[in-house]
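Data file: final00.txt. Format and content: compact mmCIF, C-alpha atoms.
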# COMPACT_ATOMS: atom_id res chain seq x y z
CA MET S 1 -24.10 -5.78 -39.87
CA VAL S 2 -23.89 -3.56 -36.81
CA SER S 3 -23.60 0.18 -37.47
CA GLY S 4 -22.75 2.97 -35.07
CA ILE S 5 -24.38 6.38 -35.19
CA ILE S 6 -22.40 9.02 -33.32
CA VAL S 7 -24.63 11.98 -32.55
CA ALA S 8 -22.31 14.99 -32.68
CA ALA S 9 -24.64 17.80 -33.71
CA GLY S 10 -25.35 19.34 -30.29
CA LYS S 11 -24.76 22.95 -29.37
CA GLY S 12 -23.74 22.21 -25.79
CA SER S 13 -24.68 25.60 -24.36
CA ARG S 14 -24.01 24.50 -20.76
CA MET S 15 -20.23 24.61 -21.34
CA GLY S 16 -20.35 28.39 -21.68
CA PRO S 17 -20.39 30.66 -24.74
CA ASN S 18 -18.02 29.91 -27.61
CA VAL S 19 -17.08 26.51 -26.22
CA ASP S 20 -17.93 23.55 -28.44
CA LYS S 21 -17.76 20.65 -26.03
CA LEU S 22 -17.22 18.20 -28.87
CA PHE S 23 -13.98 19.88 -29.89
CA LEU S 24 -12.75 20.52 -26.36
CA GLU S 25 -9.28 18.97 -26.08
CA VAL S 26 -8.97 16.36 -23.34
CA ASN S 27 -5.64 14.55 -22.99
CA GLY S 28 -4.49 16.06 -26.29
CA CYS S 29 -7.46 15.06 -28.40
CA PRO S 30 -10.96 16.51 -28.96
CA VAL S 31 -13.76 14.83 -26.96
CA VAL S 32 -15.58 13.65 -30.09
CA ALA S 33 -12.40 12.07 -31.48
CA HIS S 34 -12.10 9.97 -28.31
CA THR S 35 -15.67 8.77 -28.87
CA TRP S 36 -15.00 8.12 -32.54
CA ARG S 37 -11.83 6.15 -31.70
CA LEU S 38 -13.79 3.94 -29.29
CA PHE S 39 -16.08 2.84 -32.12
CA ASP S 40 -13.31 2.75 -34.71
CA ARG S 41 -11.50 0.16 -32.58
CA LEU S 42 -14.51 -2.03 -31.78
CA PRO S 43 -14.42 -5.12 -34.05
CA SER S 44 -18.18 -5.70 -33.99
CA ILE S 45 -18.95 -2.29 -35.56
CA GLY S 46 -19.10 -2.49 -39.37
CA GLU S 47 -19.53 1.19 -40.28
CA LEU S 48 -20.06 4.58 -38.69
CA VAL S 49 -22.47 7.40 -39.44
CA ILE S 50 -21.52 10.64 -37.75
CA VAL S 51 -24.25 13.25 -37.38
CA VAL S 52 -22.64 16.70 -37.40
CA ARG S 53 -23.77 20.29 -37.37
CA ASP S 54 -24.25 21.81 -40.80
CA GLY S 55 -21.01 23.47 -41.91
CA LEU S 56 -18.75 21.38 -39.66
CA GLU S 57 -18.28 18.48 -42.12
CA SER S 58 -14.77 19.64 -43.07
CA SER S 59 -13.66 19.89 -39.42
CA PHE S 60 -14.80 16.31 -38.89
CA GLU S 61 -13.18 15.23 -42.15
CA GLU S 62 -9.88 16.58 -40.80
CA LEU S 63 -10.34 14.72 -37.50
CA GLY S 64 -10.82 11.46 -39.37
CA LYS S 65 -7.56 12.02 -41.27
CA LYS S 66 -5.59 13.30 -38.31
CA TYR S 67 -6.42 10.32 -36.10
CA LYS S 68 -6.20 7.81 -39.00
CA PHE S 69 -9.56 6.18 -38.31
CA THR S 70 -9.83 3.12 -40.48
CA LYS S 71 -13.47 2.08 -40.29
CA SER S 72 -15.81 3.22 -43.08
CA PHE S 73 -17.63 6.41 -42.08
CA ARG S 74 -19.88 9.06 -43.56
CA PHE S 75 -21.38 12.31 -42.32
CA VAL S 76 -24.97 13.49 -42.25
CA ALA S 77 -26.34 16.84 -41.10
CA GLY S 78 -28.05 17.09 -37.71
CA GLY S 79 -31.70 18.05 -37.30
CA HIS S 80 -33.52 20.44 -35.00
CA GLU S 81 -33.97 18.04 -32.08
CA ARG S 82 -31.82 15.12 -31.04
CA GLN S 83 -34.39 12.67 -32.44
CA ASP S 84 -34.24 14.45 -35.83
CA SER S 85 -30.46 14.00 -35.82
CA VAL S 86 -30.83 10.29 -35.06
CA TRP S 87 -33.50 10.03 -37.78
CA ASN S 88 -31.12 11.60 -40.31
CA GLY S 89 -28.45 9.14 -39.21
CA LEU S 90 -30.78 6.18 -39.76
CA GLN S 91 -31.44 7.31 -43.35
CA ALA S 92 -27.70 7.15 -44.09
CA LEU S 93 -27.12 3.53 -43.00
CA SER S 94 -26.09 0.78 -45.43
CA PRO S 95 -28.92 -1.53 -46.54
CA ALA S 96 -27.36 -4.54 -44.78
CA VAL S 97 -27.66 -3.05 -41.26
CA GLU S 98 -29.57 -5.09 -38.68
CA ILE S 99 -28.42 -3.49 -35.43
CA VAL S 100 -27.71 0.18 -34.80
CA VAL S 101 -25.74 1.51 -31.82
CA ILE S 102 -26.52 5.16 -31.06
CA GLN S 103 -23.87 7.02 -29.06
CA ASP S 104 -23.54 10.59 -27.78
CA GLY S 105 -20.52 12.24 -29.40
CA ALA S 106 -19.76 13.90 -26.06
CA ARG S 107 -19.61 10.58 -24.16
CA PRO S 108 -16.01 9.45 -24.69
CA CYS S 109 -15.34 7.06 -21.78
CA THR S 110 -17.86 4.31 -22.52
CA ASP S 111 -16.58 0.83 -21.69
CA PRO S 112 -16.25 -1.19 -24.95
CA ASP S 113 -17.67 -4.21 -23.09
CA LEU S 114 -20.78 -2.17 -22.31
CA ILE S 115 -21.26 -1.37 -26.01
CA THR S 116 -20.91 -5.07 -26.84
CA ALA S 117 -23.38 -6.01 -24.11
CA THR S 118 -26.01 -3.62 -25.51
CA ILE S 119 -25.53 -5.17 -28.97
CA SER S 120 -26.20 -8.66 -27.57
CA ALA S 121 -29.22 -7.43 -25.61
CA ALA S 122 -30.65 -5.62 -28.66
CA ARG S 123 -30.28 -8.76 -30.78
CA GLU S 124 -32.23 -10.70 -28.20
CA MET S 125 -34.81 -8.13 -27.05
CA GLY S 126 -34.94 -5.55 -29.84
CA ALA S 127 -33.84 -2.56 -27.75
CA ALA S 128 -31.29 -1.97 -24.99
CA VAL S 129 -29.84 0.97 -23.10
CA ALA S 130 -26.76 1.52 -20.96
CA ALA S 131 -27.94 2.27 -17.43
CA GLN S 132 -26.71 2.82 -13.91
CA PRO S 133 -28.62 2.68 -10.63
CA VAL S 134 -29.37 6.14 -9.29
CA THR S 135 -27.29 6.78 -6.17
CA ASP S 136 -28.64 10.20 -5.17
CA THR S 137 -31.98 10.61 -3.47
CA ILE S 138 -34.30 12.03 -6.13
CA LYS S 139 -37.07 14.48 -5.27
CA GLU S 140 -39.89 15.64 -7.49
CA SER S 141 -40.74 19.33 -7.48
CA ASN S 142 -43.63 21.09 -9.22
CA ASP S 143 -41.97 24.50 -9.27
CA GLY S 144 -38.23 23.94 -8.77
CA GLN S 145 -38.54 25.66 -5.37
CA LEU S 146 -40.13 23.18 -2.97
CA VAL S 147 -39.94 19.41 -2.71
CA ALA S 148 -43.21 17.76 -3.71
CA ARG S 149 -42.22 14.17 -2.93
CA THR S 150 -39.36 11.70 -2.60
CA LEU S 151 -39.19 9.03 -5.31
CA ASP S 152 -38.42 5.38 -4.57
CA ARG S 153 -34.75 5.28 -5.56
CA SER S 154 -34.62 1.50 -5.85
CA ARG S 155 -36.84 1.75 -8.95
CA LEU S 156 -34.82 4.46 -10.70
CA TRP S 157 -32.12 4.08 -13.37
CA ALA S 158 -30.04 6.78 -15.01
CA VAL S 159 -29.72 5.98 -18.70
CA GLN S 160 -26.87 6.95 -20.96
CA THR S 161 -25.64 5.82 -24.34
CA PRO S 162 -25.13 3.51 -26.13
CA GLN S 163 -28.78 2.96 -26.90
CA THR S 164 -28.89 -0.01 -29.23
CA PHE S 165 -31.73 -1.31 -31.40
CA ARG S 166 -32.78 -3.65 -34.14
CA LEU S 167 -33.03 -1.24 -37.07
CA ASP S 168 -36.68 -1.96 -37.85
CA ILE S 169 -37.63 -1.24 -34.23
CA ILE S 170 -35.93 2.15 -33.85
CA GLN S 171 -37.30 3.17 -37.27
CA ARG S 172 -40.82 2.27 -36.21
CA ALA S 173 -40.40 3.94 -32.80
CA LEU S 174 -39.08 7.24 -34.15
CA THR S 175 -41.71 7.27 -36.91
CA GLU S 176 -44.36 7.00 -34.18
CA ALA S 177 -42.79 9.88 -32.21
CA ARG S 178 -42.74 12.00 -35.37
CA ASN S 179 -46.33 11.11 -36.25
CA GLN S 180 -47.46 12.05 -32.74
CA GLY S 181 -45.40 15.27 -32.88
CA LEU S 182 -43.62 14.27 -29.65
CA ILE S 183 -40.12 15.31 -28.61
CA VAL S 184 -38.42 12.45 -26.74
CA THR S 185 -35.31 13.03 -24.62
CA ASP S 186 -33.76 9.73 -25.63
CA ASP S 187 -34.26 7.06 -28.25
CA THR S 188 -35.58 4.39 -25.91
CA ALA S 189 -38.44 6.73 -24.90
CA ALA S 190 -39.65 6.40 -28.50
CA CYS S 191 -39.75 2.62 -28.02
CA GLU S 192 -42.14 3.08 -25.11
CA LEU S 193 -44.58 4.70 -27.59
CA ILE S 194 -44.84 1.48 -29.60
CA GLY S 195 -44.84 -0.87 -26.60
CA GLN S 196 -41.34 -2.16 -27.39
CA PRO S 197 -39.58 -3.50 -24.26
CA VAL S 198 -36.18 -1.93 -23.55
CA LYS S 199 -33.50 -3.90 -21.67
CA LEU S 200 -31.43 -2.06 -19.05
CA VAL S 201 -27.76 -3.00 -19.47
CA VAL S 202 -25.91 -2.06 -16.31
CA GLY S 203 -22.48 -0.51 -16.70
CA THR S 204 -19.83 -1.05 -14.05
CA ARG S 205 -17.66 1.99 -14.88
CA PRO S 206 -18.52 5.70 -14.94
CA ASN S 207 -19.79 6.76 -18.37
CA PRO S 208 -20.07 10.54 -18.14
CA LYS S 209 -21.16 12.93 -20.88
CA VAL S 210 -19.24 16.17 -21.20
CA THR S 211 -22.01 18.66 -20.50
CA ARG S 212 -20.76 21.17 -17.93
CA PRO S 213 -17.25 22.50 -17.27
CA GLU S 214 -16.93 20.37 -14.11
CA ASP S 215 -17.37 17.16 -16.13
CA VAL S 216 -14.02 17.59 -17.85
CA ALA S 217 -11.84 16.60 -14.87
CA LEU S 218 -13.49 13.22 -14.45
CA VAL S 219 -13.39 12.52 -18.19
CA GLN S 220 -9.70 13.37 -18.23
CA LEU S 221 -8.96 10.86 -15.49
CA LEU S 222 -11.08 8.10 -16.97
CA LEU S 223 -9.48 8.46 -20.40
CA ARG S 224 -6.02 8.34 -18.84
CA GLU S 225 -6.92 5.10 -17.03
CA ALA S 226 -8.42 3.56 -20.19
CA LYS S 227 -5.18 3.97 -22.20
CA MET Z 1 -26.83 29.11 17.50
CA VAL Z 2 -26.24 27.00 14.42
CA SER Z 3 -24.86 23.50 15.00
CA GLY Z 4 -23.46 21.05 12.52
CA ILE Z 5 -24.04 17.30 12.71
CA ILE Z 6 -21.54 15.31 10.69
CA VAL Z 7 -22.90 11.83 10.04
CA ALA Z 8 -19.83 9.61 9.96
CA ALA Z 9 -21.20 6.27 11.14
CA GLY Z 10 -21.70 4.56 7.76
CA LYS Z 11 -20.20 1.24 6.80
CA GLY Z 12 -19.70 2.18 3.12
CA SER Z 13 -19.73 -1.36 1.74
CA ARG Z 14 -19.71 -0.15 -1.88
CA MET Z 15 -16.03 0.83 -1.62
CA GLY Z 16 -15.02 -2.81 -1.31
CA PRO Z 17 -14.19 -4.97 1.72
CA ASN Z 18 -11.90 -3.57 4.42
CA VAL Z 19 -12.06 -0.04 2.98
CA ASP Z 20 -13.55 2.57 5.28
CA LYS Z 21 -14.42 5.40 2.89
CA LEU Z 22 -14.35 7.92 5.72
CA PHE Z 23 -10.70 7.22 6.46
CA LEU Z 24 -9.62 6.93 2.83
CA GLU Z 25 -6.78 9.41 2.31
CA VAL Z 26 -7.43 11.95 -0.42
CA ASN Z 27 -4.78 14.62 -1.01
CA GLY Z 28 -2.99 13.56 2.16
CA CYS Z 29 -5.96 13.69 4.53
CA PRO Z 30 -8.85 11.31 5.33
CA VAL Z 31 -12.14 12.10 3.60
CA VAL Z 32 -13.96 12.75 6.86
CA ALA Z 33 -11.25 15.18 8.02
CA HIS Z 34 -11.82 17.25 4.85
CA THR Z 35 -15.52 17.40 5.71
CA TRP Z 36 -14.79 18.26 9.33
CA ARG Z 37 -12.36 21.02 8.27
CA LEU Z 38 -15.05 22.55 6.05
CA PHE Z 39 -17.32 22.99 9.06
CA ASP Z 40 -14.49 23.90 11.42
CA ARG Z 41 -13.68 26.88 9.18
CA LEU Z 42 -17.24 28.12 8.65
CA PRO Z 43 -17.84 31.13 10.95
CA SER Z 44 -21.61 30.63 11.19
CA ILE Z 45 -21.26 27.16 12.77
CA GLY Z 46 -21.16 27.34 16.58
CA GLU Z 47 -20.46 23.70 17.47
CA LEU Z 48 -20.14 20.28 15.90
CA VAL Z 49 -21.59 16.91 16.80
CA ILE Z 50 -19.89 14.05 15.00
CA VAL Z 51 -21.79 10.78 14.82
CA VAL Z 52 -19.30 7.92 14.67
CA ARG Z 53 -19.35 4.16 14.70
CA ASP Z 54 -19.10 2.61 18.11
CA GLY Z 55 -15.46 1.96 18.96
CA LEU Z 56 -14.05 4.56 16.56
CA GLU Z 57 -14.23 7.49 19.00
CA SER Z 58 -10.49 7.40 19.66
CA SER Z 59 -9.63 7.42 15.93
CA PHE Z 60 -11.78 10.53 15.54
CA GLU Z 61 -10.28 12.05 18.66
CA GLU Z 62 -6.85 11.68 17.04
CA LEU Z 63 -8.06 13.30 13.82
CA GLY Z 64 -9.30 16.29 15.75
CA LYS Z 65 -5.90 16.70 17.39
CA LYS Z 66 -3.84 16.02 14.26
CA TYR Z 67 -5.66 18.62 12.16
CA LYS Z 68 -5.95 21.09 15.05
CA PHE Z 69 -9.67 21.71 14.67
CA THR Z 70 -10.63 24.60 16.89
CA LYS Z 71 -14.42 24.56 16.98
CA SER Z 72 -16.11 22.84 19.93
CA PHE Z 73 -17.02 19.25 19.06
CA ARG Z 74 -18.31 16.10 20.68
CA PHE Z 75 -18.92 12.54 19.54
CA VAL Z 76 -22.03 10.39 19.72
CA ALA Z 77 -22.49 6.79 18.64
CA GLY Z 78 -24.34 6.03 15.41
CA GLY Z 79 -27.59 4.08 15.25
CA HIS Z 80 -28.84 1.24 13.08
CA GLU Z 81 -30.17 3.38 10.23
CA ARG Z 82 -29.00 6.79 9.06
CA GLN Z 83 -32.04 8.42 10.68
CA ASP Z 84 -31.14 6.79 14.02
CA SER Z 85 -27.66 8.30 13.74
CA VAL Z 86 -29.12 11.73 13.07
CA TRP Z 87 -31.52 11.24 15.99
CA ASN Z 88 -28.60 10.45 18.30
CA GLY Z 89 -26.82 13.56 17.01
CA LEU Z 90 -29.83 15.74 17.78
CA GLN Z 91 -29.87 14.51 21.41
CA ALA Z 92 -26.30 15.75 21.86
CA LEU Z 93 -26.85 19.36 20.78
CA SER Z 94 -26.45 22.31 23.13
CA PRO Z 95 -29.72 23.74 24.50
CA ALA Z 96 -29.22 27.05 22.64
CA VAL Z 97 -29.37 25.51 19.16
CA GLU Z 98 -31.97 26.89 16.75
CA ILE Z 99 -30.66 25.65 13.40
CA VAL Z 100 -29.01 22.32 12.67
CA VAL Z 101 -26.98 21.56 9.55
CA ILE Z 102 -26.75 17.82 8.78
CA GLN Z 103 -23.85 16.77 6.58
CA ASP Z 104 -22.64 13.42 5.22
CA GLY Z 105 -19.15 12.71 6.58
CA ALA Z 106 -18.21 11.29 3.19
CA ARG Z 107 -19.14 14.49 1.30
CA PRO Z 108 -15.99 16.60 1.59
CA CYS Z 109 -16.25 19.05 -1.35
CA THR Z 110 -19.38 21.00 -0.38
CA ASP Z 111 -19.20 24.69 -1.27
CA PRO Z 112 -19.21 26.75 1.97
CA ASP Z 113 -21.56 29.23 0.27
CA LEU Z 114 -24.02 26.39 -0.30
CA ILE Z 115 -23.94 25.53 3.42
CA THR Z 116 -24.61 29.17 4.28
CA ALA Z 117 -27.45 29.36 1.75
CA THR Z 118 -29.19 26.34 3.33
CA ILE Z 119 -28.90 27.99 6.75
CA SER Z 120 -30.63 31.14 5.46
CA ALA Z 121 -33.33 29.09 3.72
CA ALA Z 122 -33.95 26.99 6.85
CA ARG Z 123 -34.31 30.14 8.98
CA GLU Z 124 -36.94 31.42 6.58
CA MET Z 125 -38.77 28.22 5.60
CA GLY Z 126 -37.92 25.72 8.37
CA ALA Z 127 -36.20 23.15 6.16
CA ALA Z 128 -33.81 23.27 3.21
CA VAL Z 129 -31.75 20.84 1.17
CA ALA Z 130 -28.81 21.16 -1.22
CA ALA Z 131 -30.00 20.06 -4.65
CA GLN Z 132 -28.94 19.85 -8.25
CA PRO Z 133 -31.08 19.41 -11.36
CA VAL Z 134 -30.91 15.86 -12.70
CA THR Z 135 -29.00 15.80 -15.98
CA ASP Z 136 -29.40 12.14 -16.92
CA THR Z 137 -32.59 10.76 -18.35
CA ILE Z 138 -34.21 8.77 -15.53
CA LYS Z 139 -36.23 5.62 -16.20
CA GLU Z 140 -38.41 3.75 -13.78
CA SER Z 141 -38.18 -0.04 -13.76
CA ASN Z 142 -40.32 -2.51 -11.83
CA ASP Z 143 -37.77 -5.33 -11.95
CA GLY Z 144 -34.37 -3.73 -12.73
CA GLN Z 145 -34.45 -5.51 -16.09
CA LEU Z 146 -36.85 -3.61 -18.33
CA VAL Z 147 -37.77 0.04 -18.59
CA ALA Z 148 -41.28 0.73 -17.29
CA ARG Z 149 -41.41 4.44 -18.12
CA THR Z 150 -39.41 7.62 -18.65
CA LEU Z 151 -39.79 10.27 -15.94
CA ASP Z 152 -40.15 13.98 -16.70
CA ARG Z 153 -36.60 15.11 -16.00
CA SER Z 154 -37.51 18.79 -15.66
CA ARG Z 155 -39.33 17.95 -12.39
CA LEU Z 156 -36.48 15.94 -10.85
CA TRP Z 157 -33.81 17.09 -8.39
CA ALA Z 158 -30.92 15.11 -6.95
CA VAL Z 159 -30.56 16.00 -3.29
CA GLN Z 160 -27.38 15.91 -1.25
CA THR Z 161 -26.26 17.37 2.02
CA PRO Z 162 -26.28 19.75 3.79
CA GLN Z 163 -29.86 19.24 4.86
CA THR Z 164 -30.62 22.10 7.22
CA PHE Z 165 -33.53 22.56 9.62
CA ARG Z 166 -34.99 24.54 12.46
CA LEU Z 167 -34.33 22.19 15.38
CA ASP Z 168 -37.98 21.86 16.45
CA ILE Z 169 -38.95 20.86 12.91
CA ILE Z 170 -36.39 18.09 12.37
CA GLN Z 171 -37.15 16.77 15.87
CA ARG Z 172 -40.86 16.62 15.07
CA ALA Z 173 -40.23 15.09 11.64
CA LEU Z 174 -37.93 12.32 12.85
CA THR Z 175 -40.23 11.58 15.79
CA GLU Z 176 -43.05 11.06 13.30
CA ALA Z 177 -40.88 8.72 11.15
CA ARG Z 178 -39.99 6.74 14.29
CA ASN Z 179 -43.59 6.59 15.44
CA GLN Z 180 -44.70 5.33 12.03
CA GLY Z 181 -41.79 2.84 11.97
CA LEU Z 182 -40.64 4.25 8.61
CA ILE Z 183 -37.08 4.23 7.28
CA VAL Z 184 -36.41 7.43 5.34
CA THR Z 185 -33.46 7.73 2.94
CA ASP Z 186 -32.82 11.35 3.89
CA ASP Z 187 -33.84 13.79 6.58
CA THR Z 188 -36.05 15.95 4.39
CA ALA Z 189 -38.18 12.89 3.58
CA ALA Z 190 -39.16 12.90 7.26
CA CYS Z 191 -40.36 16.50 6.83
CA GLU Z 192 -42.74 15.35 4.11
CA LEU Z 193 -44.40 13.13 6.75
CA ILE Z 194 -45.42 16.17 8.82
CA GLY Z 195 -46.32 18.39 5.84
CA GLN Z 196 -43.29 20.61 6.40
CA PRO Z 197 -42.23 22.40 3.15
CA VAL Z 198 -38.59 21.84 2.15
CA LYS Z 199 -36.74 24.45 0.08
CA LEU Z 200 -34.43 23.24 -2.70
CA VAL Z 201 -31.16 25.19 -2.56
CA VAL Z 202 -29.38 24.78 -5.86
CA GLY Z 203 -25.63 24.26 -5.77
CA THR Z 204 -23.46 25.49 -8.62
CA ARG Z 205 -20.48 23.21 -8.00
CA PRO Z 206 -20.22 19.40 -7.90
CA ASN Z 207 -20.87 18.06 -4.41
CA PRO Z 208 -20.07 14.35 -4.65
CA LYS Z 209 -20.21 11.79 -1.88
CA VAL Z 210 -17.45 9.21 -1.74
CA THR Z 211 -19.44 6.02 -2.26
CA ARG Z 212 -17.75 3.94 -4.94
CA PRO Z 213 -14.07 3.67 -5.89
CA GLU Z 214 -14.61 5.76 -9.04
CA ASP Z 215 -15.79 8.73 -6.96
CA VAL Z 216 -12.33 9.28 -5.50
CA ALA Z 217 -10.76 10.80 -8.64
CA LEU Z 218 -13.33 13.59 -8.89
CA VAL Z 219 -13.13 14.33 -5.17
CA GLN Z 220 -9.35 14.56 -5.43
CA LEU Z 221 -9.55 17.17 -8.19
CA LEU Z 222 -12.26 19.21 -6.50
CA LEU Z 223 -10.35 19.34 -3.23
CA ARG Z 224 -7.21 20.43 -5.05
CA GLU Z 225 -9.12 23.28 -6.72
CA ALA Z 226 -10.74 24.35 -3.46
CA LYS Z 227 -7.38 24.87 -1.71

As structure tokens - that is how I would like this structure written.
Amino acid sequence: MVSGIIVAAGKGSRMGPNVDKLFLEVNGCPVVAHTWRLFDRLPSIGELVIVVRDGLESSFEELGKKYKFTKSFRFVAGGHERQDSVWNGLQALSPAVEIVVIQDGARPCTDPDLITATISAAREMGAAVAAQPVTDTIKESNDGQLVARTLDRSRLWAVQTPQTFRLDIIQRALTEARNQGLIVTDDTAACELIGQPVKLVVGTRPNPKVTRPEDVALVQLLLREAK
Amino acid sequence: MVSGIIVAAGKGSRMGPNVDKLFLEVNGCPVVAHTWRLFDRLPSIGELVIVVRDGLESSFEELGKKYKFTKSFRFVAGGHERQDSVWNGLQALSPAVEIVVIQDGARPCTDPDLITATISAAREMGAAVAAQPVTDTIKESNDGQLVARTLDRSRLWAVQTPQTFRLDIIQRALTEARNQGLIVTDDTAACELIGQPVKLVVGTRPNPKVTRPEDVALVQLLLREAK
């Protein structure tokens, strides 16, 4: 079985005070409900685990009812870091799970074909991540003030979610990160710790995460087009 | 005097065949005319040099008339690479120029305050570039297939335009790139060749370049807000 873990336990401080980006209404529906719907509609996903902030279970319960999601789901509480939230999600999966698709709750425009492509790649390679070539020139700076050097853009990829894994692999990778006391910014970085190759799966459509206020306009347009 | 060079000689193949991104109409006006207007309205800019593709001078001439731009401008023909186009632009500046602001023609939403801030930084430091912290996780790949490693995002900056320089510095930097036969992806990379420090000037608003079809929606919204 393929399970989805939707990571929806973030604070999202870059949206401004008192704004929970996950519950921000875009085209008449909270951001996280758009993400949830995406996975609810995808035939290859057998069940969903939604990682939420402690105390918000009832708000999510209401969302599930309001939008009449039909796929089996359960909630688990988020942890201190993103990787702790994912870890908690892994503990809540059904025993029959072979492949796990990890998705940011605040990333509502992901192309369903991209999700499916990461599932295929993870079956074959063990680990896969949605990626896009970097279009900006990227500079490295030691102090945030002066440019230290220009990186070779042709070698750089911006990675997003879904990040999709064979269950045994992501379990082993995150266990290693925990044992080493490392904080990883994404789940595939944990795979690097155990020497697990990660396949880049290139998306053809924008796949933004709602992080800053200016992200909302693009998300709005993309969701309108996807209807 | 401060001069602006608008680099509008690109082919823009990523927009699809037969689409010239510079002449794509957004909110009733070609992209490059939005960019031109931005500089036409900025009091600190004394003159404009617009680098255009050979044969398109008359189309640009018409734009200038249609939108009643008032600031002194002239056209020069673009070169083979971006740096050749900038080089040609530099040769066309008035003798009194001390500071030169280089702007992508296809980047129409730049905050005027950001342009002004790069001018101040270039006066002080010699070279400055509009930059934003990278929000995506960036991976390096040797083959575009597998992840090689995760970069430390806190050290990475996406750079845009304007890229602003003391004239003697950008002349020296580009001369060095030409002498070494190097192709640089942006003008500040040439400064690195001569050991010239480049100041990162952090923008607070999105500053997209029209490169791919999906960029148009965001640009549309930003231009509407900026009115």

May I have the residues within 8 Å of range 36-48 of chain S as a compact mmCIF listing (two decimals) with C-alpha atoms, in the coordinates of the input, using all atoms listed in the file and disregarding those fewer than 5 positions away in the same chain?
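Dumped everything to around.txt:
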# COMPACT_ATOMS: atom_id res chain seq x y z
CA MET S 1 -24.10 -5.78 -39.87
CA VAL S 2 -23.89 -3.56 -36.81
CA SER S 3 -23.60 0.18 -37.47
CA GLY S 4 -22.75 2.97 -35.07
CA ILE S 5 -24.38 6.38 -35.19
CA ILE S 6 -22.40 9.02 -33.32
CA PHE S 69 -9.56 6.18 -38.31
CA THR S 70 -9.83 3.12 -40.48
CA LYS S 71 -13.47 2.08 -40.29
CA SER S 72 -15.81 3.22 -43.08
CA PHE S 73 -17.63 6.41 -42.08
CA ARG S 74 -19.88 9.06 -43.56
CA GLY S 105 -20.52 12.24 -29.40
CA PRO S 108 -16.01 9.45 -24.69
CA THR S 110 -17.86 4.31 -22.52
CA PRO S 112 -16.25 -1.19 -24.95
CA THR S 116 -20.91 -5.07 -26.84

*Within 6 Å of (-4.3, 12.6, -20.5), all atoms listed in the file: residues as a list in words?*
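Protein and nucleic acid residues near the point are Asn27, Gln220 and Arg224 of chain S.
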
Kindly assemble as CSV a list of the chain S residues that lie within 8 Å of chain Z, each paired with its nearest atom pair and their distance in Å to one decimal, using only C-alpha atoms, sorted first by chain and then by ascending residue number.
residue,atom,partner,partner_atom,distance
S:Asp136,CA,Z:Ala158,CA,5.7
S:Thr137,CA,Z:Val159,CA,5.6
S:Ile138,CA,Z:Ala158,CA,4.6
S:Lys139,CA,Z:Trp157,CA,5.2
S:Glu140,CA,Z:Leu156,CA,4.8
S:Ser141,CA,Z:Arg155,CA,5.3
S:Asn142,CA,Z:Arg155,CA,6.2
S:Asp143,CA,Z:Arg155,CA,7.7
S:Gly144,CA,Z:Arg155,CA,7.1
S:Gln145,CA,Z:Leu200,CA,5.5
S:Leu146,CA,Z:Lys199,CA,4.7
S:Val147,CA,Z:Val198,CA,5.6
S:Arg149,CA,Z:Glu192,CA,7.2
S:Thr150,CA,Z:Ala189,CA,6.4
S:Arg155,CA,Z:Ser141,CA,5.3
S:Leu156,CA,Z:Glu140,CA,4.8
S:Trp157,CA,Z:Lys139,CA,5.2
S:Ala158,CA,Z:Ile138,CA,4.6
S:Val159,CA,Z:Thr137,CA,5.6
S:Gln160,CA,Z:Asp136,CA,7.0
S:Thr185,CA,Z:Thr137,CA,7.2
S:Asp186,CA,Z:Thr137,CA,7.4
S:Ala189,CA,Z:Thr150,CA,6.4
S:Glu192,CA,Z:Arg149,CA,7.2
S:Pro197,CA,Z:Leu146,CA,6.5
S:Val198,CA,Z:Leu146,CA,5.5
S:Lys199,CA,Z:Leu146,CA,4.7
S:Leu200,CA,Z:Gln145,CA,5.5
S:Val201,CA,Z:Gln145,CA,7.9
S:Arg205,CA,Z:Glu214,CA,7.6
S:Pro206,CA,Z:Glu214,CA,7.1
S:Glu214,CA,Z:Pro206,CA,7.1
S:Ala217,CA,Z:Leu218,CA,6.9
S:Leu218,CA,Z:Leu218,CA,5.6
S:Leu221,CA,Z:Ala217,CA,7.1

Quick one: residues within 12 Å of (-30.2, 2.6, 14.7) (file frame), counting all atoms listed in the file, please, as a compact mmCIF listing (two decimals) with C-alpha atoms, in the coordinates of the input.
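And here is the file that came out, part34.txt:
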# COMPACT_ATOMS: atom_id res chain seq x y z
CA ALA Z 9 -21.20 6.27 11.14
CA GLY Z 10 -21.70 4.56 7.76
CA VAL Z 51 -21.79 10.78 14.82
CA ARG Z 53 -19.35 4.16 14.70
CA ASP Z 54 -19.10 2.61 18.11
CA ALA Z 77 -22.49 6.79 18.64
CA GLY Z 78 -24.34 6.03 15.41
CA GLY Z 79 -27.59 4.08 15.25
CA HIS Z 80 -28.84 1.24 13.08
CA GLU Z 81 -30.17 3.38 10.23
CA ARG Z 82 -29.00 6.79 9.06
CA GLN Z 83 -32.04 8.42 10.68
CA ASP Z 84 -31.14 6.79 14.02
CA SER Z 85 -27.66 8.30 13.74
CA VAL Z 86 -29.12 11.73 13.07
CA TRP Z 87 -31.52 11.24 15.99
CA ASN Z 88 -28.60 10.45 18.30
CA GLY Z 89 -26.82 13.56 17.01
CA ARG Z 178 -39.99 6.74 14.29
CA GLY Z 181 -41.79 2.84 11.97
CA ILE Z 183 -37.08 4.23 7.28

_Give me, as a PyMOL selection string, all polymer residues having an atom no more than 10 Å from Leu63 in chain S, counting only C-alpha atoms and skipping those fewer than 3 positions away in the same chain._
chain S and resi 23+29-30+32-33+36+57-60+66-69
